[in-house]
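*Asks:* Structure in structure tokens, see below.
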Amino acid sequence: MRTDDRVVAAYGGGWLDRAAALRGDPAWLAGRLADPESVVLPLWRDRCLVDAGRTPVRPAVVGAAGLLAAADETVFLGLAEGRAVFAADLSGRAEGEARDLAGAVEAVDVRALVGGLGAAEAAVQAYAKGLLHWHRGQRFCGACGAATVAGAGGHTRACTGGGCGRLLFPRIEPAVIMLVEASGEPERCLLARHRGAGEDSWSLLAGFVEIGESLEDAVRRELAEEAGIAVRGVVYQGSQAWPFPAGLMVGFRATAASTEVRVDGAEVVEARWFTRDELRARVAAGRPLGRIDSIDRHLLGSWLDGRS
Ligand SMILES: [Zn+2]
């Protein structure tokens, strides 16, 4: 897989050719599964299987170590420089057995490793985790209750019930995250303290998109509900794959119509405006702008740098 240094939000980047035109062909997939050049990433219950250096175990060559025979589901992730990359789900095994099959010493969440992984490696592990998680939750048809079976290399599931045949696609749950600026001087942005977060833990406001809403509708509704503010000039900033388990974070900037804030007290317990100098002082005092892998950090970092 490519490992160039493109600046992308963690977990994205399109590192693999997903080969959508090929993965629906069972004969082509069978050929890739028989190809000694193909590799398979083992995962166990949403976790990467890692070696003693806490990096994901070297992808096994297909057929090696009995991984495919032991897996509950094997999915095709894509092609890396022409080489097929699969992920195998060992969740049905006890942890020790999964570790032995993979030659791993530990099973660790990719978010705990992200600081030490290359962008491509983190993205592919997260992609594998999200796709395998979806399969584990979709074994039965929600319409008729019959079993479902994977197709298209693991990018669909089909109901086996007679007269039903419903086709299921991996579900993505979009959420919006907003950097809200105050209108006028001084230039300030709105941060919130969420219920359950620490006393001095501030982050951007965010929320899930509901059915029947555009992304911009969701931005306006969430800000009205959680902070009691109306906004104008809602502008898209970028997005981030967030397969934990099925998210897509969509980042926006908006300008508040007024600076009076009224939090909902449920999800958000406090919200207040910060100047760039205040945020820089926090960073200097060792308070990071969100986790290293979060879109919070991108949105706040670009605002601090005066960039859109
Ligand atoms: Zn069905």
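Identifiers in the structure tokens: chain A, B, ... in order shown; residue index from 1 per chain; ligand index from 1 in order shown.
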Could you give me, as a Markdown table, every region 172-281 of chain A residue with an atom at most 12 Å from region 43-50 of chain A, plus its closest atom pair and distance in Å to one decimal, counting only C-alpha atoms, rows ordered by chain then number?
*Replies:*
| residue | atom | partner | partner_atom | distance |
| --- | --- | --- | --- | --- |
| A:Pro243 | CA | A:Asp46 | CA | 10.3 |
| A:Phe244 | CA | A:Asp46 | CA | 8.8 |
| A:Pro245 | CA | A:Asp46 | CA | 8.6 |
| A:Ala246 | CA | A:Asp46 | CA | 12.0 |
*Asks:* Kindly work out which residues sit at most 9 Å from ligand 1, using only C-alpha atoms and all ligand atoms, and give the list as a list in words.
*Replies:*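 I would give the residues around ligand 1 as Phe140, Cys141, Gly142, Ala143, Cys144, Gly145, Ala146, Ala147, Thr148, Ala158, Cys159, Thr160, Gly161, Gly162, Gly163, Cys164, Gly165, Arg166 and Leu167 of chain A.
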*Asks:* Write the residues of the selection above to a file with N, CA, C and O atoms, as a CSV table (one decimal), in the first residue's frame.
*Replies:*
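Once everything was written out, this is again17.csv:
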chain,number,residue,atom,x,y,z
A,140,PHE,N,-28.7,-11.5,10.1
A,140,PHE,CA,-30.1,-11.9,9.8
A,140,PHE,C,-30.8,-10.7,9.2
A,140,PHE,O,-30.5,-9.6,9.5
A,141,CYS,N,-31.7,-11.0,8.4
A,141,CYS,CA,-32.5,-10.0,7.7
A,141,CYS,C,-33.4,-9.3,8.7
A,141,CYS,O,-34.2,-9.9,9.4
A,142,GLY,N,-33.4,-8.0,8.7
A,142,GLY,CA,-34.3,-7.2,9.5
A,142,GLY,C,-35.7,-7.2,9.1
A,142,GLY,O,-36.6,-6.8,9.8
A,143,ALA,N,-36.0,-7.6,7.8
A,143,ALA,CA,-37.4,-7.7,7.3
A,143,ALA,C,-38.0,-9.0,7.6
A,143,ALA,O,-39.2,-9.0,8.0
A,144,CYS,N,-37.3,-10.1,7.3
A,144,CYS,CA,-38.0,-11.4,7.5
A,144,CYS,C,-37.3,-12.4,8.5
A,144,CYS,O,-37.8,-13.4,8.8
A,145,GLY,N,-36.1,-12.0,9.0
A,145,GLY,CA,-35.5,-12.8,10.0
A,145,GLY,C,-34.6,-14.0,9.5
A,145,GLY,O,-34.0,-14.6,10.2
A,146,ALA,N,-34.6,-14.2,8.1
A,146,ALA,CA,-33.8,-15.3,7.6
A,146,ALA,C,-32.3,-14.9,7.7
A,146,ALA,O,-32.0,-13.7,7.8
A,147,ALA,N,-31.5,-15.9,7.5
A,147,ALA,CA,-30.0,-15.6,7.5
A,147,ALA,C,-29.6,-14.8,6.3
A,147,ALA,O,-30.3,-14.9,5.2
A,148,THR,N,-28.6,-14.0,6.4
A,148,THR,CA,-28.0,-13.3,5.2
A,148,THR,C,-26.7,-13.9,4.9
A,148,THR,O,-26.0,-14.5,5.8
A,158,ALA,N,-26.9,-10.5,1.4
A,158,ALA,CA,-28.2,-10.8,0.8
A,158,ALA,C,-29.0,-11.7,1.7
A,158,ALA,O,-28.4,-12.7,2.2
A,159,CYS,N,-30.3,-11.4,1.8
A,159,CYS,CA,-31.2,-12.3,2.6
A,159,CYS,C,-31.4,-13.6,1.8
A,159,CYS,O,-31.6,-13.6,0.6
A,160,THR,N,-31.4,-14.7,2.5
A,160,THR,CA,-31.6,-16.0,1.9
A,160,THR,C,-33.1,-16.5,2.0
A,160,THR,O,-33.4,-17.5,1.6
A,161,GLY,N,-33.9,-15.6,2.6
A,161,GLY,CA,-35.3,-16.0,2.8
A,161,GLY,C,-36.1,-16.1,1.5
A,161,GLY,O,-35.9,-15.2,0.7
A,162,GLY,N,-36.8,-17.1,1.3
A,162,GLY,CA,-37.6,-17.2,0.1
A,162,GLY,C,-38.6,-16.1,0.0
A,162,GLY,O,-39.3,-15.7,0.9
A,163,GLY,N,-38.7,-15.5,-1.2
A,163,GLY,CA,-39.6,-14.4,-1.4
A,163,GLY,C,-39.2,-13.0,-0.8
A,163,GLY,O,-39.9,-12.0,-0.9
A,164,CYS,N,-38.0,-13.0,-0.2
A,164,CYS,CA,-37.5,-11.7,0.4
A,164,CYS,C,-36.3,-11.3,-0.4
A,164,CYS,O,-36.4,-10.4,-1.3
A,165,GLY,N,-35.1,-11.9,-0.2
A,165,GLY,CA,-34.0,-11.6,-1.0
A,165,GLY,C,-33.4,-10.2,-0.8
A,165,GLY,O,-32.7,-9.7,-1.7
A,166,ARG,N,-33.8,-9.5,0.3
A,166,ARG,CA,-33.3,-8.2,0.5
A,166,ARG,C,-31.8,-8.1,0.4
A,166,ARG,O,-31.1,-8.9,1.0
A,167,LEU,N,-31.4,-7.0,-0.2
A,167,LEU,CA,-29.9,-6.7,-0.3
A,167,LEU,C,-29.5,-5.6,0.7
A,167,LEU,O,-30.2,-4.6,0.8
*Asks:* Applying 12 Å and only C-alpha atoms, which residues near Glu210 (chain A) remain after dropping the ones on its own chain fewer than 5 positions away? List them as a PyMOL selection string.
*Replies:* chain A and resi 173-176+215-219+221-222
*Asks:* With only C-alpha atoms as the basis for distance, which of A:Ala27, A:Ala107, A:Ala192, A:Leu304 is at the shortest distance from Ser91 (chain A)?
*Replies:*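 The shortest atom-to-atom distance to Ser91 (chain A) comes from A:Ala107.
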*Asks:* Which of these, A:Asp277, A:Glu187, A:Asp305, A:Glu121, has the shortest distance to Thr55 (chain A) once you count only C-alpha atoms?
*Replies:* A:Glu121
*Asks:* Mind checking which residues fall within 8 Å of Ser203 (chain A), counting only C-alpha atoms, ignoring those fewer than 2 positions away in the same chain, and posting them as a VMD selection string?
*Replies:* chain A and resid 191 to 194 201 205 289 to 290 296
*Asks:* Using backbone DSSP assignments, extract all helix (DSSP H, G or I) residues from region 14-248 of chain A; output them as a ChimeraX atom specification.
*Replies:* /A:26-34,64-70,95-102,110-116,119-136,152-154,215-227
*Asks:* From the list A:Leu168, A:Glu260, A:Ala84, A:Ala69, which residue is nearest Trp28 (chain A) when using only C-alpha atoms?
*Replies:*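 Going through A:Leu168, A:Glu260, A:Ala84, A:Ala69 one by one, the smallest distance to Trp28 (chain A) is for A:Ala84.
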*Asks:* Which residues come within 10 Å of Ala20 (chain A), counting only C-alpha atoms, excluding same-chain residues fewer than 2 positions away, as a list in words?
*Replies:*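 Listing them by chain and then by number gives Asp17, Arg18, Leu22, Arg23, Gly24, Asp25, Leu77, Gly78, Ala152, Gly153 and His155 of chain A.
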*Asks:* With only C-alpha atoms as the atoms that count, which of A:Ser294, A:Ser214, A:Ser258, A:Thr74 lies nearest to Ala241 (chain A)?
*Replies:*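 So, comparing all the options, the nearest one is A:Ser294.
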*Asks:* Taking into account only C-alpha atoms, which residue in the set A:Leu223, A:Ala128, A:Val110, A:Ala271 is nearest to Leu16 (chain A)?
*Replies:*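 When distances to Leu16 (chain A) are compared using only C-alpha atoms, the smallest one comes from A:Ala128.
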